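Following: one structure in C-alpha cells, then a few remarks.
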Amino acid sequence: MLYPLGYVFSNAFFTADGFSLVFMKLLFSSPNYTIILANSVNLGLTVTLLTTLLSLPLALLLVRYNFPGKGVLNGLILIPMVLPPFVGAIGMRHLLARFGSVNLLLLDLGVINQPIDWLGGGSFWGVVILEALHLYPIMYLNLAAALANIDPSLEEAAKNMGASGFRLFRTVTFPLMLPGYFAGAIIVFIWAFTELGTPLVFEFREVVAVQIFSMVTDLHQNPMGYAFVVAVIVLTLFFFYLSKRILGGGRYEMLGRGHVVSAVRTASVRVTVLAYVLVLGVSALALIPHAGVLLTSITSRWFLSVLPTEYTTQFYKEVFSQDLTLLSIKNSLLLSSLSTIIDVVLGVSIAYLLARKRVPGRGVLDALAMLPLALPGLVMAFGYIAAFSATPLDARINPVPLLIIAYAVRRLPYMVRAAYAGFQQSSVALEEAAMNLGASPIKTLYQITFPLIFANLVAGAVLAFSFAMLEVSDSLILALKEQNYPITKAIYALLGRIADGPYIASAMGMLGLLLLAGSLFVAGRFFGRRMGELFRA
Amino acid sequence: MVSVKFDSVTKILGQYRAIDNLTLDIRAGELFFLLGPSGCGKTTALRSAAGFYTPDEGRILFNGEDQTRVPPHKRNTGMVFQNYALWPHMDVRSNVGYGLKMRHVTEAEKRKRVNHALEIVQMQAYAARMPNQLSGGQQQRVALARALVIEPDVVLLDEPLSNLDAKLRVEMRTQIKDIHRKIGRTMIYVTHDQAEALSMADRIAVMRRGRLVQCGTPQDLYRLPQSAFVAQFIGGTNLLHGTLADAGELLTVETPSGIVRAKNGVTGMQPGAAVFCSVRPESVRVKLAEVSSNAPPCDGTNELMGEVLSIMYLGDSEEYSLRLADSTIVRAVEYNPVTRKAQIGDRLALQFDAKAVVVLPQEDLSDSLAAAQ
C-alpha cells in the first residue's frame, strides 16, 4: 500500500536530472490545470454545502422529536447512500436530456416553451446534485450522532440564562455539534472531490479525477498524472488538517453527566407532518435518478414522451447472454470474493492485535489500516498501476492480482472496524474463562471468540464484498482489457455504444443496485443499529 | 488438596506496582480471602494465580511446584469471574461442560459430572437455558458450577457476589461456605466487602497499595489489628489520636481528651510516639455524667466525656455519635436498647475497658476512609 504512494511521489518530483518542482509549478501556473483543480475543489465544497443544508434539518427533526414511524423514516434517509451515483447518473442523463422526461413534462404542462439545457454548462450542476443526493446520508449520520451526544443539561443551562430558539441553536447547540459536523464534512468533501464515475458519465471532463483517469494510458510519457495525484493527496491532507485545526485540537469533552433528562420531545402534529414531508421529499428526490435507471432498463421505446411507451425485459436477458456483460459479472464475482477473503483474514488479524494485544507500533498499525478511508480510491489505483508497471504485476498484462489487492486494501478499514467493534463488545473475561478451564489460546479463538463476533464478521464481509462488486475508481483505471472488465467498467463501456448500450447498462446497473441493497440489508440485520458507525470518521 | 504459595511476587502494570513483593502461604483446603479497598492489588494477585498475569518478580507455587511460567489453560484452576463470563452462545449445560470437553472426558462421564455440579448449586432444572434467560443469582451459580466441575486444584473467586442484591449476597455466603466444606478444595476468594470476609474466611490477607498488610483469622484481625488501616477497614473503629506516655504492661496514652490505658498494642513502640487508640463502637458504654468526671480512670476502665451529636435508633441497637473535648467524633453502640438514655446536646461519660483498646502507630488513612464508605 505504501510502495505505490512513494512511487507516485518520487515520479512527481524527480526528473532524470534529479529533484525538481517543475511539474508542480506547471500544475499551478498553467491556466488549463488550475481551472481543473478549481473545478474539483469547487465541486467538493458545493456538494458539502448542499449536503449540510439537506441533512441538518433532518437531523434536528429526527434526533430531537419522537413521532410514529420514526424508525422507518430513519431507514429511508440512509437508502441513497447505498445506491452508487455512477449508476444513478445514467438515469439522470435520460431524465434531464434536452428531450428528456423533465423537459417534456414541463413542456406538456405549459411551464416552459423551450427545452432547458439542464446538462449544459459543463454539467457541473448535474454532478453536484447527483453527488449531494448520494452523500447526504453520510452527513446525516455524523450530524445525528453529534446531536445525540450533546448533554441536554448544557442546552438547559442556556435556556435558564434566557436563550431560546435560533439563538440557542447558534450559540450552544451548533458549536457543540461542530466536531461531528466536520467529521462528516471531510468525508463528503473528499468523496465528491475525487469521485470519478459520476463526472465521467456526465462527460464533465474538467475535474481532477477524470484527468487522472485519462492520463493513466500515457503515464510514462506524461508526468502530469503524477503531479495531479500528488496535488490530490496534498489537498486531501490539507483539508483533513484544516478540519482538525477548526476543532481546536480535539473534541469537546462532555463534562458531568449527572441527572440526564432526555431532550427528546414528542412531536406535535405539525412537526410530524414537517418531518414526513422533508424525509419523503428528500428521499424521493434522491431516488429519481435510480427510478430513471429502472425505467431505462425496461424500456423498448422512449422517445419524446415523459414516460416510456413500451416495456420489455429484453435487456435483462441481454445482460446474461452477451459476452461482455456475462464475463464482467463472472470477473466481478471472482475479484470480489478473493478480495473479501483477504479482507476477512487481514481485517480480523489486525483488529485482534489492536483490541487484544499490546503490541509495539499499535498506533502505526491502526493508522495504516485506516489510511484507505482518507486516501481517495483514485489515488491508490493510480499509484498501483504506475508503481507496478513493467513488473509481473503490470496491470496492462494481467490486472487481476492488482485489482484484487486494490479492492482488498480499499475495503479493509470496514472489515477492521467491524471486527474491532466485535472484539470490543465481547468481554475478555469470556476468553479468560475458556483458558482457565483448559482451552488453549487457539481453541479459545475458534470456540469462543469467533462465534461471539460472528455477526460482526458477516456484516463486515458482506459490506466488503458488495462494495467491491460496485467499485468504480479501481475498476475503471486498473482493468485495461475487455476480458478482465468488472461490472462497473462494463457498464462504462456499454454507455459508449450507441444503439442498445445504455439500456443494457441500465439493466446491469439495476442488478448491481439490487445486489448492493440486498447485501446491505443482510449486513444491517447482523450488525443491528450500529451499522452507521462504519461510515463515520 | 493443593497449597498455594506466593513467593515475593511483584507485578508491574503500567506505571505502578499492582502487587509489590507479596508473600502468602495458602494452606491446602483453606477458604482464603484477599481483602482490601479497590486498587489494592487483590485481583491482580488472583489473576496471577490463574496465570493471566506473569509476575515480573517472584514465583507462584502449587504444592511446591513452580507455576510461574505455566500458561492459564494448563494450571487446572477453576475461576469464577466477577461478571460471571458465561458464554452467551452456549446453554447452561455446554457452559458447565466446556472444561470437561477440554479434558477429553467421555460423553457419559461428562453428563454425570455436569449434572452433579448443577445439583450442588441447585441449578439442575435450568440445564437447557441460555445465560440471558437466567437471573443474576442463577448466572452466579452456573459460573460456580462451571469452575467446580473440572475438580480444580484451586478455586479462584473474583468478587463473585458483588453483582447480587444485598439479600441474595448474604444467602450466597452460606451456600459458598457449605460448598467449600463439601468439596474441601483450596479456595482463594477476592472481595472488598469486609463483612463477607469476616463471615466466611478461614484466614484473611488484608492488602493495601499492592502490599500485604496483615494476614490471619477473622478473630485475629478484628481483635488485634496491627495497623490503624486494618482496624479501620475491618469492622470500623474509633481512632483517638494521642502520644504514648508509658509502654509498660499497661500502655498509657495521653490524648487531648484525657488519659487512655490499653492492654494491647503493636510491639516495639517507644514512649513519645504518635499513636492511635482503636476502640470498637460496641466496646464503648455511655453513662449519664452525674458524677464529676475529672478523676483519673481507675484500674482497667477508661472514661472520657463527650457531647451527644446524634442518636440513631436501629431496632436491635442504638448508635450514639459523641464529640470529645478536642472535637474527635466517637461512635458508641448499645445493643438491646430499652429506654433512651439521653437527648442531643447532653454530656455523657464514655466508658471502655483497657482490654478493648489497641494502640497503633499513626498513619495516613485517607484511602481506607474512602473505602469504608
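We label chains A, B, ... in the order they appear in the C-alpha cells, count residues from 1 in each chain, and number ligands from 1 in the order shown.
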*Within 6 Å of Asp158 (chain B), counting only C-alpha atoms, which residues show up once you throw out same-chain ones fewer than 4 positions away? Write them as a ChimeraX atom specification, please.*
/B:81-82,190
So that I have them on file, write out the residues from the current selection with N, CA and C atoms, as a short mmCIF file (atom, residue, chain, number, x, y, z; two decimals), in the first residue's frame.
data_model
loop_
_atom_site.label_atom_id
_atom_site.label_comp_id
_atom_site.auth_asym_id
_atom_site.auth_seq_id
_atom_site.Cartn_x
_atom_site.Cartn_y
_atom_site.Cartn_z
N PHE B 81 -15.64 -15.58 37.60
CA PHE B 81 -15.37 -14.18 37.26
C PHE B 81 -16.40 -13.26 37.89
N GLN B 82 -15.98 -12.02 38.08
CA GLN B 82 -16.85 -11.05 38.72
C GLN B 82 -18.16 -10.86 37.95
N VAL B 190 -11.57 -13.25 46.43
CA VAL B 190 -11.23 -11.83 46.45
C VAL B 190 -12.48 -11.01 46.75
#
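Near chain B, counting only C-alpha atoms at 8 Å, the chain A residues are A:Ser427, A:Ala429, A:Leu430, A:Glu432, A:Ala433, A:Ala434, A:Met435, A:Asn436, A:Leu437, A:Gly438, A:Ala439, A:Ser440, A:Ile448, A:Pro451, A:Leu452.
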Would you list the contacts of region 56-65 of chain A as a PDB file with N, CA and C atoms, in the first residue's frame, taking every protein, DNA or RNA residue within 10 Å and counting only C-alpha atoms, but skipping same-chain residues closer than 3 positions in sequence?
ATOM      1  N   THR A  51     -25.124  19.140   1.000  1.00  0.00           N
ATOM      2  CA  THR A  51     -25.480  18.040   1.907  1.00  0.00           C
ATOM      3  C   THR A  51     -25.782  18.597   3.295  1.00  0.00           C
ATOM      4  N   THR A  52     -25.040  19.652   3.700  1.00  0.00           N
ATOM      5  CA  THR A  52     -25.308  20.246   5.010  1.00  0.00           C
ATOM      6  C   THR A  52     -26.730  20.778   5.068  1.00  0.00           C
ATOM      7  N   LEU A  53     -27.106  21.537   4.032  1.00  0.00           N
ATOM      8  CA  LEU A  53     -28.436  22.120   4.010  1.00  0.00           C
ATOM      9  C   LEU A  53     -29.512  21.039   4.017  1.00  0.00           C
ATOM     10  N   LYS A  70     -40.935   6.879  13.159  1.00  0.00           N
ATOM     11  CA  LYS A  70     -39.604   7.482  13.138  1.00  0.00           C
ATOM     12  C   LYS A  70     -38.542   6.504  12.622  1.00  0.00           C
ATOM     13  N   GLY A  71     -38.668   5.247  13.052  1.00  0.00           N
ATOM     14  CA  GLY A  71     -37.688   4.242  12.643  1.00  0.00           C
ATOM     15  C   GLY A  71     -37.659   4.066  11.132  1.00  0.00           C
ATOM     16  N   LEU A  73     -38.602   6.215   8.830  1.00  0.00           N
ATOM     17  CA  LEU A  73     -38.031   7.403   8.196  1.00  0.00           C
ATOM     18  C   LEU A  73     -36.511   7.389   8.320  1.00  0.00           C
ATOM     19  N   ASN A  74     -36.044   6.989   9.493  1.00  0.00           N
ATOM     20  CA  ASN A  74     -34.605   6.911   9.715  1.00  0.00           C
ATOM     21  C   ASN A  74     -33.946   6.006   8.689  1.00  0.00           C
ATOM     22  N   ILE A  77     -33.869   7.528   5.071  1.00  0.00           N
ATOM     23  CA  ILE A  77     -32.843   8.537   4.841  1.00  0.00           C
ATOM     24  C   ILE A  77     -31.554   7.911   4.344  1.00  0.00           C
ATOM     25  N   TYR A 136     -25.642  12.850   1.159  1.00  0.00           N
ATOM     26  CA  TYR A 136     -26.207  13.481   2.348  1.00  0.00           C
ATOM     27  C   TYR A 136     -26.438  12.510   3.513  1.00  0.00           C
ATOM     28  N   PRO A 137     -26.694  11.199   3.259  1.00  0.00           N
ATOM     29  CA  PRO A 137     -26.850  10.306   4.420  1.00  0.00           C
ATOM     30  C   PRO A 137     -25.610  10.251   5.302  1.00  0.00           C
ATOM     31  N   MET A 139     -23.485  12.663   5.838  1.00  0.00           N
ATOM     32  CA  MET A 139     -23.545  13.879   6.643  1.00  0.00           C
ATOM     33  C   MET A 139     -24.589  13.726   7.737  1.00  0.00           C
ATOM     34  N   TYR A 140     -25.722  13.160   7.364  1.00  0.00           N
ATOM     35  CA  TYR A 140     -26.814  12.991   8.338  1.00  0.00           C
ATOM     36  C   TYR A 140     -26.359  12.119   9.510  1.00  0.00           C
ATOM     37  N   LEU A 141     -25.700  11.009   9.207  1.00  0.00           N
ATOM     38  CA  LEU A 141     -25.265  10.094  10.277  1.00  0.00           C
ATOM     39  C   LEU A 141     -24.360  10.820  11.266  1.00  0.00           C
ATOM     40  N   ASN A 142     -23.429  11.606  10.737  1.00  0.00           N
ATOM     41  CA  ASN A 142     -22.493  12.319  11.612  1.00  0.00           C
ATOM     42  C   ASN A 142     -23.182  13.401  12.430  1.00  0.00           C
ATOM     43  N   LEU A 143     -24.062  14.148  11.767  1.00  0.00           N
ATOM     44  CA  LEU A 143     -24.765  15.216  12.478  1.00  0.00           C
ATOM     45  C   LEU A 143     -25.676  14.633  13.556  1.00  0.00           C
ATOM     46  N   ALA A 144     -26.388  13.571  13.202  1.00  0.00           N
ATOM     47  CA  ALA A 144     -27.327  12.979  14.157  1.00  0.00           C
ATOM     48  C   ALA A 144     -26.575  12.462  15.380  1.00  0.00           C
ATOM     49  N   ALA A 145     -25.422  11.826  15.144  1.00  0.00           N
ATOM     50  CA  ALA A 145     -24.640  11.309  16.268  1.00  0.00           C
ATOM     51  C   ALA A 145     -24.153  12.457  17.143  1.00  0.00           C
ATOM     52  N   ALA A 146     -23.680  13.532  16.491  1.00  0.00           N
ATOM     53  CA  ALA A 146     -23.176  14.677  17.247  1.00  0.00           C
ATOM     54  C   ALA A 146     -24.281  15.286  18.098  1.00  0.00           C
ATOM     55  N   LEU A 147     -25.446  15.386  17.491  1.00  0.00           N
ATOM     56  CA  LEU A 147     -26.576  15.995  18.178  1.00  0.00           C
ATOM     57  C   LEU A 147     -27.002  15.148  19.368  1.00  0.00           C
ATOM     58  N   ALA A 148     -27.028  13.832  19.153  1.00  0.00           N
ATOM     59  CA  ALA A 148     -27.488  12.938  20.216  1.00  0.00           C
ATOM     60  C   ALA A 148     -26.510  12.915  21.385  1.00  0.00           C
ATOM     61  N   TYR A 181     -19.818  17.631  12.922  1.00  0.00           N
ATOM     62  CA  TYR A 181     -20.099  18.175  11.598  1.00  0.00           C
ATOM     63  C   TYR A 181     -18.865  18.107  10.708  1.00  0.00           C
ATOM     64  N   SER A 262     -33.800  13.300  29.195  1.00  0.00           N
ATOM     65  CA  SER A 262     -33.805  13.144  27.756  1.00  0.00           C
ATOM     66  C   SER A 262     -34.321  14.411  27.091  1.00  0.00           C
ATOM     67  N   ALA A 263     -33.618  14.810  26.016  1.00  0.00           N
ATOM     68  CA  ALA A 263     -34.015  16.026  25.332  1.00  0.00           C
ATOM     69  C   ALA A 263     -34.997  15.721  24.201  1.00  0.00           C
ATOM     70  N   VAL A 264     -35.424  14.463  24.104  1.00  0.00           N
ATOM     71  CA  VAL A 264     -36.334  14.092  23.020  1.00  0.00           C
ATOM     72  C   VAL A 264     -37.760  14.450  23.408  1.00  0.00           C
ATOM     73  N   ARG A 265     -38.381  15.227  22.554  1.00  0.00           N
ATOM     74  CA  ARG A 265     -39.754  15.613  22.833  1.00  0.00           C
ATOM     75  C   ARG A 265     -40.714  14.863  21.925  1.00  0.00           C
ATOM     76  N   THR A 266     -41.930  14.729  22.360  1.00  0.00           N
ATOM     77  CA  THR A 266     -42.952  14.176  21.484  1.00  0.00           C
ATOM     78  C   THR A 266     -43.392  15.272  20.525  1.00  0.00           C
ATOM     79  N   ALA A 267     -43.426  14.900  19.255  1.00  0.00           N
ATOM     80  CA  ALA A 267     -43.675  15.920  18.254  1.00  0.00           C
ATOM     81  C   ALA A 267     -45.149  16.267  18.178  1.00  0.00           C
ATOM     82  N   SER A 268     -45.423  17.540  17.926  1.00  0.00           N
ATOM     83  CA  SER A 268     -46.794  17.941  17.653  1.00  0.00           C
ATOM     84  C   SER A 268     -47.153  17.453  16.256  1.00  0.00           C
ATOM     85  N   VAL A 271     -45.118  19.256  13.560  1.00  0.00           N
ATOM     86  CA  VAL A 271     -43.731  18.816  13.409  1.00  0.00           C
ATOM     87  C   VAL A 271     -43.682  17.464  12.720  1.00  0.00           C
ATOM     88  N   THR A 272     -44.619  16.570  13.083  1.00  0.00           N
ATOM     89  CA  THR A 272     -44.645  15.252  12.465  1.00  0.00           C
ATOM     90  C   THR A 272     -44.841  15.373  10.962  1.00  0.00           C
ATOM     91  N   LEU A 274     -44.200  17.904   9.096  1.00  0.00           N
ATOM     92  CA  LEU A 274     -42.994  18.509   8.543  1.00  0.00           C
ATOM     93  C   LEU A 274     -41.911  17.459   8.329  1.00  0.00           C
ATOM     94  N   ALA A 275     -41.726  16.599   9.352  1.00  0.00           N
ATOM     95  CA  ALA A 275     -40.698  15.568   9.257  1.00  0.00           C
ATOM     96  C   ALA A 275     -40.989  14.632   8.096  1.00  0.00           C
ATOM     97  N   TYR A 276     -42.248  14.198   7.985  1.00  0.00           N
ATOM     98  CA  TYR A 276     -42.599  13.281   6.908  1.00  0.00           C
ATOM     99  C   TYR A 276     -42.370  13.913   5.546  1.00  0.00           C
ATOM    100  N   LEU A 278     -40.412  16.393   4.719  1.00  0.00           N
ATOM    101  CA  LEU A 278     -38.984  16.580   4.449  1.00  0.00           C
ATOM    102  C   LEU A 278     -38.316  15.276   4.044  1.00  0.00           C
ATOM    103  N   VAL A 279     -38.496  14.247   4.881  1.00  0.00           N
ATOM    104  CA  VAL A 279     -37.805  12.985   4.626  1.00  0.00           C
ATOM    105  C   VAL A 279     -38.278  12.365   3.321  1.00  0.00           C
ATOM    106  N   VAL A 282     -36.998  14.510   0.309  1.00  0.00           N
ATOM    107  CA  VAL A 282     -35.577  14.352   0.008  1.00  0.00           C
ATOM    108  C   VAL A 282     -35.292  12.958  -0.542  1.00  0.00           C
TER     109      VAL A 282
END
*Show which residues sit within 10 Å of region 53-66 of chain B, as a ChimeraX atom specification. Count only C-alpha atoms, and ignore same-chain residues fewer than 2 positions away.*
/B:1-13,17,19-28,44-51,68-72,75,153-154
Would you output that residue set with C-alpha atoms, as a JSON list (two decimals), in the first residue's frame?
[["chain", "number", "residue", "atom", "x", "y", "z"],
["B", 1, "MET", "CA", -5.69, -30.85, 48.06],
["B", 2, "VAL", "CA", -3.26, -28.21, 46.95],
["B", 3, "SER", "CA", -1.45, -25.45, 48.80],
["B", 4, "VAL", "CA", -0.65, -22.18, 47.06],
["B", 5, "LYS", "CA", 2.42, -20.10, 47.72],
["B", 6, "PHE", "CA", 3.14, -16.57, 46.54],
["B", 7, "ASP", "CA", 6.89, -16.16, 46.90],
["B", 8, "SER", "CA", 7.89, -12.46, 46.83],
["B", 9, "VAL", "CA", 5.69, -11.75, 43.83],
["B", 10, "THR", "CA", 5.79, -8.35, 42.14],
["B", 11, "LYS", "CA", 3.64, -7.39, 39.16],
["B", 12, "ILE", "CA", 4.00, -4.04, 37.44],
["B", 13, "LEU", "CA", 1.00, -2.84, 35.46],
["B", 17, "ARG", "CA", 3.35, -1.85, 41.20],
["B", 19, "ILE", "CA", 1.40, -6.10, 43.67],
["B", 20, "ASP", "CA", 4.61, -5.40, 45.47],
["B", 21, "ASN", "CA", 6.72, -8.18, 46.95],
["B", 22, "LEU", "CA", 3.70, -10.23, 48.04],
["B", 23, "THR", "CA", 4.32, -13.40, 50.01],
["B", 24, "LEU", "CA", 1.41, -15.63, 51.00],
["B", 25, "ASP", "CA", 1.19, -19.19, 52.24],
["B", 26, "ILE", "CA", -2.25, -20.54, 51.50],
["B", 27, "ARG", "CA", -2.85, -23.91, 53.13],
["B", 28, "ALA", "CA", -4.36, -26.85, 51.30],
["B", 44, "THR", "CA", -4.03, -8.80, 40.28],
["B", 45, "ALA", "CA", -2.86, -11.41, 42.77],
["B", 46, "LEU", "CA", -5.79, -13.69, 41.93],
["B", 47, "ARG", "CA", -5.23, -13.31, 38.20],
["B", 48, "SER", "CA", -1.57, -14.12, 38.70],
["B", 49, "ALA", "CA", -2.61, -17.35, 40.41],
["B", 50, "ALA", "CA", -4.80, -18.14, 37.39],
["B", 51, "GLY", "CA", -1.92, -17.37, 35.03],
["B", 68, "THR", "CA", 5.06, -19.05, 37.35],
["B", 69, "ARG", "CA", 5.52, -19.75, 33.64],
["B", 70, "VAL", "CA", 2.68, -22.23, 33.16],
["B", 71, "PRO", "CA", 0.02, -20.82, 30.78],
["B", 72, "PRO", "CA", -3.54, -20.43, 32.17],
["B", 75, "ARG", "CA", -2.92, -24.77, 35.52],
["B", 153, "ASP", "CA", -6.70, -27.84, 42.28],
["B", 154, "VAL", "CA", -7.62, -24.31, 43.33]]
*asked:* With DSSP run on the backbone, what are the strand (DSSP E) residues within region 176-284 of chain B? I'd like them as number ranges by chain.
replied: B: 186-191, 203-208, 211-216, 238-247, 251-255, 258-262, 264-265, 274-279
_Could you list, as number ranges by chain, every residue within 7 Å of Asn238 (chain B), counting only C-alpha atoms and ignoring same-chain residues fewer than 2 positions away?_
B: 240, 278-281, 330-331
*asked:* Need to verify the contact set: Leu244 (chain B), 8 Å, only C-alpha atoms, exclusion of same-chain residues closer than 4 positions in sequence. Can you return it as a PyMOL selection string?
replied: chain B and resi 251-254+270-275
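Taking only C-alpha atoms into account, Phe213 (chain A) lies nearest to A:Met380 out of the set A:Met469, A:Val269, A:Ile342, A:Met380.
Comparing the minimum interatomic distances between His192 (chain B) and each of B:Leu35, B:Leu144, B:Ile176, B:Glu303, counting only C-alpha atoms, we find that B:Leu35 sits nearest.
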*asked:* Using only C-alpha atoms, which protein or nucleic acid residues come within 10 Å of region 361-372 of chain A? Drop anything in the same chain fewer than 3 positions from it, and give the result as a ChimeraX atom specification.
replied: /A:1-2,346-347,350-351,353-355,357-358,375-377,379-380,409-417,537
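Minimum distance to Lys263 (chain B) across B:Phe352, B:Tyr320, B:Phe229, B:Tyr222 (counting only C-alpha atoms) occurs at B:Phe352.
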